[in-house]
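Data block for work.txt (compact mmCIF, C-alpha atoms and all ligand atoms):
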```txt
# COMPACT_ATOMS: atom_id res chain seq x y z
CA MET D 1 -32.22 32.37 24.75
CA THR D 2 -29.28 34.47 23.46
CA VAL D 3 -28.17 33.61 19.96
CA LEU D 4 -24.46 33.12 19.36
CA ARG D 5 -23.45 34.77 16.07
CA LEU D 6 -20.55 33.24 14.15
CA ARG D 7 -18.75 33.64 10.87
CA VAL D 8 -17.04 30.76 9.07
CA PRO D 9 -14.17 31.21 6.58
CA GLY D 10 -14.79 31.73 2.86
CA ASP D 11 -16.09 28.95 0.63
CA LYS D 12 -13.26 26.70 -0.52
CA SER D 13 -14.71 25.80 -3.94
CA LEU D 14 -15.37 29.45 -4.74
CA SER D 15 -11.97 30.58 -3.43
CA HIS D 16 -10.09 28.18 -5.73
CA ARG D 17 -12.20 29.17 -8.72
CA ALA D 18 -12.04 32.91 -8.06
CA LEU D 19 -8.23 32.81 -8.02
CA MET D 20 -7.97 30.63 -11.13
CA PHE D 21 -10.59 32.42 -13.21
CA ALA D 22 -9.18 35.81 -12.20
CA ALA D 23 -5.80 34.60 -13.51
CA LEU D 24 -7.43 33.86 -16.89
CA ALA D 25 -9.23 37.23 -17.05
CA ASP D 26 -8.10 40.45 -18.72
CA GLY D 27 -7.31 42.97 -15.98
CA ARG D 28 -7.13 43.14 -12.18
CA SER D 29 -9.56 41.17 -10.03
CA ARG D 30 -10.33 42.17 -6.44
CA LEU D 31 -11.35 39.28 -4.22
CA ARG D 32 -12.50 39.58 -0.62
CA GLY D 33 -13.19 36.77 1.81
CA VAL D 34 -10.81 34.37 0.04
CA LEU D 35 -10.33 31.35 2.31
CA PRO D 36 -6.84 31.65 3.86
CA SER D 37 -6.30 27.89 4.06
CA ALA D 38 -3.53 25.55 2.94
CA ASP D 39 -5.60 24.18 0.02
CA VAL D 40 -6.33 27.60 -1.43
CA ARG D 41 -2.71 28.65 -0.89
CA SER D 42 -1.78 25.62 -3.01
CA THR D 43 -3.85 27.09 -5.85
CA ALA D 44 -2.23 30.53 -5.41
CA GLY D 45 1.22 28.91 -5.39
CA VAL D 46 0.51 26.96 -8.57
CA LEU D 47 -0.77 30.11 -10.30
CA ALA D 48 2.34 32.02 -9.17
CA ALA D 49 4.52 29.23 -10.63
CA LEU D 50 2.66 29.75 -13.93
CA GLY D 51 3.58 33.46 -13.99
CA VAL D 52 0.51 34.99 -12.32
CA ASP D 53 0.92 38.02 -10.06
CA VAL D 54 -1.01 36.86 -6.97
CA ALA D 55 -0.34 36.86 -3.22
CA THR D 56 0.39 33.45 -1.73
CA GLU D 57 -0.30 34.55 1.88
CA TRP D 58 -3.32 36.55 3.04
CA ASP D 59 -5.77 36.90 5.90
CA ASP D 60 -9.56 36.74 6.13
CA ALA D 61 -9.75 40.53 6.11
CA ASP D 62 -7.36 41.08 3.17
CA GLU D 63 -8.35 41.91 -0.35
CA VAL D 64 -6.54 39.54 -2.71
CA ILE D 65 -5.57 41.20 -6.00
CA VAL D 66 -4.96 38.98 -9.03
CA VAL D 67 -3.50 40.44 -12.20
CA GLY D 68 -5.04 38.39 -15.01
CA ARG D 69 -2.93 37.15 -17.91
CA GLY D 70 -5.78 36.51 -20.36
CA VAL D 71 -7.45 33.25 -21.35
CA ARG D 72 -4.30 31.55 -22.70
CA GLY D 73 -1.58 33.65 -21.06
CA LEU D 74 -0.02 31.36 -18.46
CA GLN D 75 3.72 30.63 -18.71
CA GLU D 76 5.35 27.21 -18.67
CA PRO D 77 6.55 26.57 -15.11
CA SER D 78 10.22 26.00 -14.29
CA THR D 79 9.35 23.83 -11.28
CA ALA D 80 6.82 21.08 -10.50
CA LEU D 81 3.36 22.37 -9.58
CA ASP D 82 2.95 21.43 -5.90
CA CYS D 83 -0.77 20.96 -5.18
CA GLY D 84 -0.28 19.98 -1.53
CA ASN D 85 -3.41 18.18 -0.29
CA SER D 86 -5.79 19.78 -2.79
CA GLY D 87 -7.74 17.73 -5.34
CA THR D 88 -9.54 20.82 -6.63
CA THR D 89 -6.22 22.55 -7.37
CA THR D 90 -4.89 19.52 -9.24
CA ARG D 91 -7.92 18.66 -11.33
CA LEU D 92 -9.03 22.17 -12.30
CA MET D 93 -5.46 23.27 -13.04
CA ALA D 94 -4.99 20.10 -15.13
CA GLY D 95 -7.75 21.40 -17.43
CA ILE D 96 -6.21 24.87 -17.60
CA VAL D 97 -2.70 23.51 -18.31
CA ALA D 98 -4.07 21.08 -20.94
CA GLY D 99 -5.34 24.05 -22.95
CA HIS D 100 -1.93 25.78 -22.98
CA LEU D 101 1.01 24.89 -25.21
CA MET D 102 3.18 23.83 -22.27
CA THR D 103 4.45 20.89 -20.26
CA ALA D 104 3.94 20.79 -16.51
CA THR D 105 4.31 18.18 -13.77
CA PHE D 106 1.81 18.08 -10.89
CA THR D 107 2.90 16.80 -7.47
CA GLY D 108 1.20 16.63 -4.08
CA ASP D 109 1.34 15.21 -0.58
CA GLU D 110 0.96 11.52 0.21
CA SER D 111 -2.87 11.60 0.38
CA LEU D 112 -3.28 13.57 -2.85
CA SER D 113 -0.76 11.37 -4.67
CA ARG D 114 -3.03 8.36 -4.06
CA ARG D 115 -6.20 10.01 -5.42
CA PRO D 116 -7.54 9.18 -8.91
CA MET D 117 -6.35 11.56 -11.62
CA ARG D 118 -7.13 9.37 -14.63
CA ARG D 119 -10.73 10.58 -14.26
CA VAL D 120 -9.56 13.94 -15.66
CA ALA D 121 -6.69 12.59 -17.77
CA ARG D 122 -8.92 10.26 -19.81
CA PRO D 123 -11.29 12.92 -21.23
CA LEU D 124 -8.52 15.53 -21.49
CA ALA D 125 -6.49 13.00 -23.54
CA GLN D 126 -9.53 12.58 -25.80
CA MET D 127 -9.27 16.31 -26.40
CA GLY D 128 -5.63 15.87 -27.44
CA ALA D 129 -3.56 16.58 -24.31
CA ARG D 130 -0.83 14.04 -23.48
CA PHE D 131 -0.34 12.56 -20.01
CA VAL D 132 2.51 10.71 -18.36
CA PHE D 133 1.87 9.04 -15.00
CA ALA D 134 4.75 8.00 -12.76
CA ARG D 135 2.51 5.18 -11.45
CA ASP D 136 -0.84 3.67 -12.51
CA ASP D 137 -2.85 6.68 -11.42
CA GLY D 138 -2.45 9.61 -9.04
CA LEU D 139 0.50 11.99 -8.82
CA PRO D 140 3.12 12.78 -10.07
CA MET D 141 1.37 13.45 -13.38
CA THR D 142 2.89 15.31 -16.34
CA ILE D 143 0.69 17.06 -18.90
CA CYS D 144 1.74 18.21 -22.37
CA GLY D 145 -1.00 20.61 -23.39
CA GLY D 146 -1.63 22.25 -26.69
CA ALA D 147 -3.90 22.09 -29.70
CA LEU D 148 -7.14 20.60 -28.37
CA ARG D 149 -10.21 19.14 -30.08
CA ALA D 150 -13.86 19.62 -29.16
CA LEU D 151 -15.33 17.13 -26.67
CA SER D 152 -18.75 15.80 -25.74
CA TYR D 153 -18.33 13.71 -22.60
CA ALA D 154 -20.75 11.62 -20.54
CA SER D 155 -19.05 11.65 -17.14
CA PRO D 156 -19.48 8.37 -15.22
CA THR D 157 -19.46 10.26 -11.89
CA ALA D 158 -21.07 13.49 -10.76
CA SER D 159 -17.82 15.36 -10.18
CA ALA D 160 -17.54 19.14 -10.31
CA GLN D 161 -13.79 18.79 -10.51
CA VAL D 162 -13.97 16.67 -13.67
CA LYS D 163 -16.68 18.86 -15.20
CA SER D 164 -14.74 22.03 -14.40
CA ALA D 165 -11.46 20.66 -15.76
CA LEU D 166 -13.10 19.91 -19.10
CA LEU D 167 -14.92 23.24 -19.34
CA LEU D 168 -11.68 25.06 -18.52
CA ALA D 169 -9.74 23.06 -21.11
CA GLY D 170 -12.36 24.05 -23.71
CA LEU D 171 -12.26 27.69 -22.62
CA VAL D 172 -8.45 27.91 -22.70
CA GLY D 173 -8.03 25.70 -25.78
CA GLY D 174 -10.73 27.57 -27.68
CA VAL D 175 -12.90 24.50 -28.48
CA PRO D 176 -16.52 23.64 -27.62
CA VAL D 177 -17.04 21.21 -24.71
CA ARG D 178 -20.16 19.49 -23.46
CA VAL D 179 -20.27 17.52 -20.18
CA ASP D 180 -23.24 15.38 -19.12
CA GLU D 181 -23.43 14.05 -15.57
CA PRO D 182 -25.49 11.32 -13.86
CA GLN D 183 -26.51 13.93 -11.25
CA ARG D 184 -25.88 17.63 -11.14
CA SER D 185 -22.62 18.43 -9.32
CA ARG D 186 -21.85 21.83 -7.80
CA ASP D 187 -22.18 24.52 -10.43
CA HIS D 188 -19.84 27.32 -9.30
CA THR D 189 -17.69 27.06 -12.43
CA GLU D 190 -20.71 27.62 -14.65
CA ARG D 191 -21.99 30.57 -12.59
CA LEU D 192 -18.64 32.31 -12.25
CA LEU D 193 -17.48 31.89 -15.86
CA ALA D 194 -20.89 33.10 -17.11
CA ALA D 195 -20.56 36.17 -14.87
CA GLN D 196 -17.19 36.84 -16.54
CA GLY D 197 -18.78 36.74 -20.00
CA ALA D 198 -18.22 33.13 -21.12
CA THR D 199 -20.99 31.42 -23.11
CA LEU D 200 -22.41 28.41 -21.25
CA VAL D 201 -25.70 26.63 -21.80
CA VAL D 202 -27.05 24.50 -18.94
CA ASP D 203 -29.83 21.96 -19.57
CA ASP D 204 -31.30 18.98 -17.69
CA ASP D 205 -28.38 16.63 -18.43
CA GLY D 206 -25.35 18.86 -18.34
CA VAL D 207 -23.56 21.94 -19.57
CA ALA D 208 -22.07 23.10 -22.87
CA LEU D 209 -19.40 25.77 -23.30
CA GLU D 210 -18.87 27.76 -26.49
CA PRO D 211 -15.37 29.21 -26.52
CA GLY D 212 -14.38 32.66 -27.63
CA GLY D 213 -13.93 36.12 -26.20
CA ARG D 214 -12.22 37.35 -23.11
CA LEU D 215 -13.03 36.91 -19.47
CA ALA D 216 -13.88 40.02 -17.47
CA PRO D 217 -12.05 40.47 -14.16
CA LEU D 218 -13.89 39.72 -10.92
CA ALA D 219 -14.94 41.91 -8.01
CA LEU D 220 -16.18 39.35 -5.50
CA ARG D 221 -16.89 38.96 -1.82
CA ILE D 222 -16.76 35.22 -1.18
CA PRO D 223 -19.42 33.99 1.28
CA GLY D 224 -18.83 31.53 4.12
CA ASP D 225 -18.38 27.84 3.31
CA PRO D 226 -21.47 25.68 4.01
CA SER D 227 -19.17 22.65 4.30
CA SER D 228 -17.46 24.44 7.22
CA ALA D 229 -20.68 25.89 8.70
CA ILE D 230 -22.00 22.34 9.22
CA PHE D 231 -19.54 21.81 12.12
CA PRO D 232 -20.57 24.66 14.47
CA LEU D 233 -24.22 24.06 13.50
CA ALA D 234 -23.91 20.37 14.40
CA LEU D 235 -22.26 21.14 17.72
CA ALA D 236 -24.95 23.72 18.53
CA LEU D 237 -27.66 21.15 17.77
CA LEU D 238 -26.03 18.53 19.98
CA LEU D 239 -25.59 21.03 22.83
CA GLY D 240 -29.06 22.58 22.46
CA ARG D 241 -27.62 26.06 21.79
CA ALA D 242 -29.03 28.72 19.48
CA VAL D 243 -26.43 29.66 16.86
CA LEU D 244 -26.55 31.84 13.77
CA VAL D 245 -23.84 31.62 11.09
CA GLU D 246 -23.57 34.80 9.03
CA ARG D 247 -23.32 35.04 5.23
CA VAL D 248 -23.13 31.38 4.17
CA LEU D 249 -23.24 30.20 0.55
CA VAL D 250 -26.61 28.43 0.02
CA ASN D 251 -26.27 27.34 -3.62
CA PRO D 252 -28.76 24.43 -3.99
CA THR D 253 -25.99 22.15 -5.31
CA ARG D 254 -24.36 22.53 -1.87
CA THR D 255 -27.22 22.47 0.64
CA GLY D 256 -28.24 18.80 0.72
CA ALA D 257 -27.06 18.55 4.33
CA LEU D 258 -29.58 21.20 5.39
CA ARG D 259 -32.37 19.10 3.90
CA VAL D 260 -31.05 16.02 5.75
CA LEU D 261 -30.89 17.94 9.05
CA ALA D 262 -34.56 18.88 8.59
CA ARG D 263 -35.38 15.17 8.13
CA MET D 264 -33.41 14.38 11.28
CA GLY D 265 -35.66 16.78 13.22
CA ALA D 266 -33.33 19.80 13.17
CA PRO D 267 -34.55 22.43 10.72
CA VAL D 268 -31.96 25.08 9.81
CA ALA D 269 -33.56 28.48 9.16
CA ARG D 270 -32.30 30.65 6.31
CA LEU D 271 -32.58 34.36 6.99
CA ASP D 272 -31.98 37.37 4.76
CA GLU D 273 -31.31 35.34 1.62
CA THR D 274 -29.73 37.48 -1.13
CA ILE D 275 -27.70 36.99 -4.30
CA SER D 276 -24.06 38.00 -4.09
CA GLY D 277 -21.61 37.53 -6.96
CA GLY D 278 -24.15 35.31 -8.75
CA GLU D 279 -24.51 32.95 -5.76
CA PRO D 280 -27.30 32.75 -3.13
CA VAL D 281 -26.15 33.70 0.35
CA ALA D 282 -28.04 33.57 3.68
CA GLU D 283 -27.68 33.46 7.44
CA LEU D 284 -28.16 29.97 8.83
CA ALA D 285 -29.74 29.59 12.25
CA VAL D 286 -30.47 26.66 14.54
CA GLU D 287 -32.39 26.54 17.79
CA ARG D 288 -32.68 23.95 20.52
CA VAL D 289 -34.43 20.81 19.23
CA PRO D 290 -35.85 17.96 21.34
CA GLY D 291 -33.53 15.38 19.73
CA LEU D 292 -32.30 14.01 16.43
CA ARG D 293 -33.67 10.96 14.61
CA GLY D 294 -31.98 8.71 12.06
CA THR D 295 -32.71 8.97 8.35
CA ASN D 296 -31.79 7.49 4.96
CA ILE D 297 -29.32 9.47 2.85
CA GLY D 298 -28.71 8.44 -0.76
CA GLY D 299 -29.56 8.75 -4.44
CA ASP D 300 -29.49 12.06 -6.25
CA GLU D 301 -28.91 14.09 -3.10
CA ILE D 302 -25.42 12.66 -2.54
CA PRO D 303 -23.42 15.17 -4.67
CA SER D 304 -25.07 18.07 -2.82
CA LEU D 305 -23.81 16.86 0.56
CA ILE D 306 -20.77 14.71 -0.23
CA ASP D 307 -18.35 16.75 1.92
CA GLU D 308 -20.81 16.89 4.83
CA LEU D 309 -21.26 13.10 5.13
CA PRO D 310 -18.59 12.58 7.85
CA MET D 311 -20.37 15.13 10.06
CA LEU D 312 -23.82 13.74 9.27
CA ALA D 313 -22.58 10.23 10.14
CA CYS D 314 -21.21 11.50 13.47
CA LEU D 315 -24.52 13.27 14.18
CA ALA D 316 -26.27 9.98 13.40
CA ALA D 317 -24.27 8.38 16.21
CA ARG D 318 -26.14 10.73 18.56
CA ALA D 319 -29.57 10.35 16.89
CA GLU D 320 -32.38 7.99 17.80
CA GLY D 321 -32.56 4.98 15.50
CA GLU D 322 -30.65 4.00 12.41
CA THR D 323 -29.12 6.13 9.66
CA VAL D 324 -28.24 4.51 6.33
CA ILE D 325 -25.96 6.28 3.85
CA SER D 326 -25.94 4.75 0.33
CA ASP D 327 -24.76 5.60 -3.21
CA ALA D 328 -21.70 7.32 -1.76
CA THR D 329 -18.77 5.31 -3.20
CA GLU D 330 -17.14 8.66 -4.10
CA LEU D 331 -16.42 9.01 -0.37
CA ARG D 332 -13.78 6.32 -0.78
CA VAL D 333 -11.59 8.55 -2.99
CA LYS D 334 -11.59 11.74 -0.92
CA GLU D 335 -8.66 12.92 1.25
CA SER D 336 -9.01 9.49 2.89
CA ASP D 337 -11.36 6.56 2.33
CA ARG D 338 -14.05 8.34 4.32
CA ILE D 339 -16.37 5.32 4.53
CA ALA D 340 -13.65 3.23 6.17
CA ALA D 341 -12.34 6.15 8.25
CA VAL D 342 -15.76 7.16 9.62
CA VAL D 343 -16.80 3.60 10.48
CA SER D 344 -13.50 2.55 12.07
CA ASN D 345 -13.37 5.75 14.13
CA LEU D 346 -17.01 5.50 15.23
CA ARG D 347 -16.27 1.99 16.42
CA ALA D 348 -13.02 3.12 18.07
CA ILE D 349 -15.01 5.51 20.27
CA GLY D 350 -17.70 2.95 21.09
CA ALA D 351 -20.42 3.86 18.57
CA ASP D 352 -22.33 1.28 16.55
CA ALA D 353 -21.55 1.48 12.81
CA ASP D 354 -21.05 -0.84 9.83
CA GLU D 355 -19.38 -0.37 6.50
CA ARG D 356 -21.18 -1.07 3.24
CA PRO D 357 -19.56 -1.00 -0.20
CA ASP D 358 -21.33 2.25 -1.09
CA GLY D 359 -21.86 3.80 2.32
CA LEU D 360 -22.46 3.00 5.96
CA VAL D 361 -25.01 2.29 8.66
CA VAL D 362 -24.95 4.05 12.01
CA ARG D 363 -27.15 3.14 14.99
CA GLY D 364 -27.40 6.08 17.36
CA SER D 365 -27.19 6.06 21.14
CA PRO D 366 -26.91 8.64 23.94
CA ARG D 367 -24.20 6.71 25.83
CA PRO D 368 -20.83 8.46 26.38
CA LEU D 369 -18.22 7.90 23.67
CA ALA D 370 -14.51 7.49 24.39
CA GLY D 371 -11.41 6.54 22.45
CA ARG D 372 -8.78 7.72 19.99
CA VAL D 373 -9.60 8.94 16.48
CA THR D 374 -7.18 8.31 13.58
CA THR D 375 -7.71 11.12 11.06
CA HIS D 376 -5.43 9.80 8.28
CA GLY D 377 -4.56 13.50 7.87
CA ASP D 378 -8.11 14.13 6.61
CA HIS D 379 -9.45 17.53 7.73
CA ARG D 380 -13.12 16.58 7.59
CA ILE D 381 -12.56 13.44 9.70
CA ALA D 382 -10.73 15.56 12.31
CA MET D 383 -13.53 18.16 12.40
CA ALA D 384 -16.49 15.75 12.42
CA PHE D 385 -15.03 13.80 15.34
CA GLY D 386 -13.88 17.09 16.90
CA VAL D 387 -17.57 17.97 17.27
CA LEU D 388 -18.24 14.71 19.14
CA ALA D 389 -15.11 15.32 21.23
CA ALA D 390 -16.48 18.74 22.30
CA LEU D 391 -19.58 17.19 23.94
CA PRO D 392 -19.61 16.96 27.73
CA GLY D 393 -19.34 13.36 28.89
CA ASN D 394 -17.35 12.19 25.86
CA ASP D 395 -13.61 11.52 26.11
CA ILE D 396 -12.25 11.51 22.56
CA ALA D 397 -8.67 12.23 21.45
CA ILE D 398 -7.87 13.21 17.84
CA ASP D 399 -4.46 12.07 16.54
CA ASP D 400 -3.86 15.04 14.20
CA ARG D 401 -5.66 18.30 14.96
CA GLU D 402 -3.46 20.37 12.65
CA CYS D 403 -4.84 18.89 9.42
CA VAL D 404 -7.91 21.16 9.66
CA ARG D 405 -5.74 23.92 8.22
CA VAL D 406 -6.46 22.77 4.66
CA SER D 407 -10.04 24.08 4.84
CA TYR D 408 -10.84 25.73 8.20
CA PRO D 409 -8.16 27.81 9.88
CA GLY D 410 -9.31 28.70 13.40
CA PHE D 411 -11.58 25.65 13.62
CA TRP D 412 -10.61 24.51 17.12
CA ALA D 413 -10.94 27.98 18.64
CA GLN D 414 -14.36 28.45 17.06
CA LEU D 415 -15.52 25.03 18.24
CA ALA D 416 -14.40 25.82 21.80
CA HIS D 417 -16.27 29.14 21.58
CA VAL D 418 -19.53 27.34 20.68
CA ALA D 419 -18.93 24.69 23.35
CA THR D 420 -18.33 27.19 26.17
CA SER D 421 -20.80 29.98 25.40
CA ALA D 422 -24.06 29.51 27.28
C1 LIG D 501 -15.15 20.17 -5.26
C2 LIG D 501 -15.86 19.10 -5.74
C3 LIG D 501 -16.11 17.87 -4.98
C4 LIG D 501 -15.85 18.08 -3.48
C5 LIG D 501 -14.56 18.81 -3.23
C6 LIG D 501 -14.59 20.18 -3.90
C7 LIG D 501 -14.97 21.35 -6.12
O1 LIG D 501 -15.25 16.86 -5.45
O2 LIG D 501 -15.86 16.85 -2.80
O3 LIG D 501 -14.36 18.99 -1.84
O4 LIG D 501 -14.60 22.43 -5.61
O5 LIG D 501 -15.20 21.23 -7.34
P1 LIG D 501 -15.58 15.99 -6.78
O6 LIG D 501 -15.57 16.89 -7.94
O7 LIG D 501 -14.49 14.96 -6.86
O8 LIG D 501 -16.92 15.38 -6.54
```

How would this structure read if it were set down as structure tokens?
Amino acid sequence: MTVLRLRVPGDKSLSHRALMFAALADGRSRLRGVLPSADVRSTAGVLAALGVDVATEWDDADEVIVVGRGVRGLQEPSTALDCGNSGTTTRLMAGIVAGHLMTATFTGDESLSRRPMRRVARPLAQMGARFVFARDDGLPMTICGGALRALSYASPTASAQVKSALLLAGLVGGVPVRVDEPQRSRDHTERLLAAQGATLVVDDDGVALEPGGRLAPLALRIPGDPSSAIFPLALALLLGRAVLVERVLVNPTRTGALRVLARMGAPVARLDETISGGEPVAELAVERVPGLRGTNIGGDEIPSLIDELPMLACLAARAEGETVISDATELRVKESDRIAAVVSNLRAIGADADERPDGLVVRGSPRPLAGRVTTHGDHRIAMAFGVLAALPGNDIAIDDRECVRVSYPGFWAQLAHVATSA
């Protein structure tokens, strides 16, 4: 069988961080493979509004140059900081702004404005930053940053955005910060800042940052996003095609979905694993499998696959038996309430699914699926159901195909390529 080779766009979490941390470095950073998506452009736009010399438009092939302003060198913005649809932009930049002597107002689109921001405001206020919310929670949110105090924080949720915001506030504000988490969230901030010369100590419960010193500029080639790779891999599995995705980030805090796929009867091979820019990178390959079976997904593995759950739930609709997803209440505060959105859309196309407070149950079946999917403007809902829509025999319409631009430009063309190549 011929193997279809694909490349997915650069990792979103790493792209945001590379731009931000380069802005805080001394000197010029050279970044390749930066994801050219709306979310990452929101980060570039916010950095530009804070006085950073950085492109706000680029392509996959372009090298993005960022001229760093030093650890506390950002300028007070003269306009609101528009974060678009991007939670990572808002929460990480909230930490960076909190460490500067400046006032800034964060705004965003309708979906982002509804998402919880008190989860970063509360600990940052304990450090001494002041917050003004236009409503109870969410955006617009104004931060008066400045002289911060040290913090030791036991985070109630495993959130890399909260953890990163606090570490960045400590770094910029020049005070020690410790963050403990109930489970380990993605650790790109720790890896990247350490590579730039920051002092971070990671132990079983969390991470501690000792401030001081400068950050070295970055020379990075950002690998493909595993949260994007899951979509062509899933389609290939459902179609029985052999596909290989080149140069994907395989950091263990991000690969929970690969372990779940193995349990479902679809092992994903990792080839040529190497370390690049302090992160493990590999080719991911799938071959034809006899069929998928349902599984239980929950507990400590949830943070390592949180963004992949919509796709895993849609795969479960095509698996034999029942799949139960638990301990995933965080899904309710993503770009949409993804528990409600996945279940209502699965039902809308004729699949068998039930909502639970902390997750969902899906009972798989091979029967054709048909109906209209309401994305709520959520890119991962559009893409997960897009995979089901690409299967022969299904007749599924997606109400908003454009929203994929926040994380995966070129998604629909790539999906069609997988669907049509024999
Ligand atoms: C992200 C962390 C996760 C994830 C999001 C990206 C990051 O969110 O869902 O897509 O880059 O730090 P939480 O920190 O809210 O868990």

Is there a way to get, as JSON, numbers by chain, all residues within 7 Å of the point (-10.2, 43.0, 1.9) in file coordinates, counting only C-alpha atoms? {"D": [32, 33, 61, 62, 63, 64]}

Can you work out which residues are within 7 Å of ligand LIG 501 (chain D), considering only C-alpha atoms and all ligand atoms, and then hand them over as a PyMOL selection string? chain D and resi 12-13+88+158-162+186+303+306-307+334

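Counting all atoms listed in the file, the residue from D:Ile302, D:Ile381, D:Val418, D:Leu92 that sits nearest to D:Asp337 is D:Ile381.
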
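If you look at atom CA of D:Leu151 and atom CA of D:Leu24, they are 20.9 Å away from each other.
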
May I have a table of the residues of stretch 37-133 of chain D lying at most 12 Å from stretch 205-216 of chain D, giving each one's closest pair of atoms and their distance in Å to one decimal, counting all atoms listed in the file, ordered by chain and ascending residue number, as a tab-separated table?
```
residue	atom	partner	partner_atom	distance
D:Val67	CA	D:Ala216	CA	11.6
D:Gly68	CA	D:Leu215	CA	9.3
D:Arg69	CA	D:Leu215	CA	10.2
D:Gly70	CA	D:Arg214	CA	7.1
D:Val71	CA	D:Arg214	CA	6.5
D:Arg72	CA	D:Arg214	CA	9.8
D:Gly73	CA	D:Arg214	CA	11.4
D:Gly99	CA	D:Pro211	CA	11.8
```

Given all atoms listed in the file as the counted atoms, nearest of D:Ser365, D:Trp58, D:Phe21, D:Leu331 to D:Ala194: D:Phe21

Could you pull the residues within 12 Å of D:Gly359, counting all atoms listed in the file, minus those fewer than 2 positions along the same chain, as a PyMOL selection string? chain D and resi 296-299+302+306+309-310+313+323-332+337-343+353-357+361-362

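The closest residue to D:Arg270, picked from D:Glu246, D:Ser111, D:Ala390, D:Leu220 and counting all atoms listed in the file, is D:Glu246.
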
Could you check how far atom CA of D:Arg318 sits from atom CA of D:Ala348, in Å to one decimal? 15.2 Å

Pick the closest to D:Pro140 from D:Asp26, D:Asp82, D:Glu181, D:Glu190: which is it, counting only C-alpha atoms? D:Asp82

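Here atom CA of D:Val248 and atom CA of D:Leu261 stand 16.3 Å from one another.
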
What lies within 9 Å of D:Ser276 using all atoms listed in the file, ignoring chain neighbours under 6 positions off, as a ChimeraX atom specification? /D:220-223

Here is a test: counting all atoms listed in the file, which residue of D:Gly108, D:Pro176, D:Gly240, D:Pro123 is nearest to D:Ser421? D:Gly240

Here is a test: counting only C-alpha atoms, which residue of D:Met93, D:Ala129, D:Ala317, D:Leu235 is nearest to D:Leu369? D:Ala317

Please list as a PDB file with C-alpha atoms, in the frame of the given file every residue within 8 Å of stretch 289-291 of chain D, counting all atoms listed in the file and excluding residues in the same chain fewer than 4 positions away.
```
ATOM      1  CA  LEU D 237     -27.660  21.150  17.770  1.00  0.00           C
ATOM      2  CA  GLY D 240     -29.060  22.580  22.460  1.00  0.00           C
ATOM      3  CA  GLY D 265     -35.660  16.780  13.220  1.00  0.00           C
ATOM      4  CA  ALA D 266     -33.330  19.800  13.170  1.00  0.00           C
ATOM      5  CA  ALA D 319     -29.570  10.350  16.890  1.00  0.00           C
ATOM      6  CA  GLU D 320     -32.380   7.990  17.800  1.00  0.00           C
TER       7      GLU D 320
END
```

Got a moment to write stretch 362-382 of chain D out with C-alpha atoms, as a CSV table (one decimal), in the first residue's frame?
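Contents of part.csv, as written:
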```
chain,number,residue,atom,x,y,z
D,362,VAL,CA,-20.8,7.7,22.9
D,363,ARG,CA,-22.2,4.4,21.5
D,364,GLY,CA,-20.6,3.6,18.2
D,365,SER,CA,-22.3,2.3,15.1
D,366,PRO,CA,-21.4,1.8,11.4
D,367,ARG,CA,-24.7,3.2,10.1
D,368,PRO,CA,-24.6,6.3,7.8
D,369,LEU,CA,-24.7,9.7,9.6
D,370,ALA,CA,-26.5,12.7,8.2
D,371,GLY,CA,-27.5,16.2,9.4
D,372,ARG,CA,-26.3,19.7,10.0
D,373,VAL,CA,-23.5,20.5,12.5
D,374,THR,CA,-23.6,23.8,14.5
D,375,THR,CA,-20.0,24.7,15.2
D,376,HIS,CA,-20.6,27.7,17.5
D,377,GLY,CA,-17.6,29.1,15.7
D,378,ASP,CA,-15.4,26.5,17.4
D,379,HIS,CA,-12.5,25.3,15.1
D,380,ARG,CA,-12.1,21.9,16.7
D,381,ILE,CA,-15.9,21.2,16.5
D,382,ALA,CA,-15.8,22.1,12.8
```
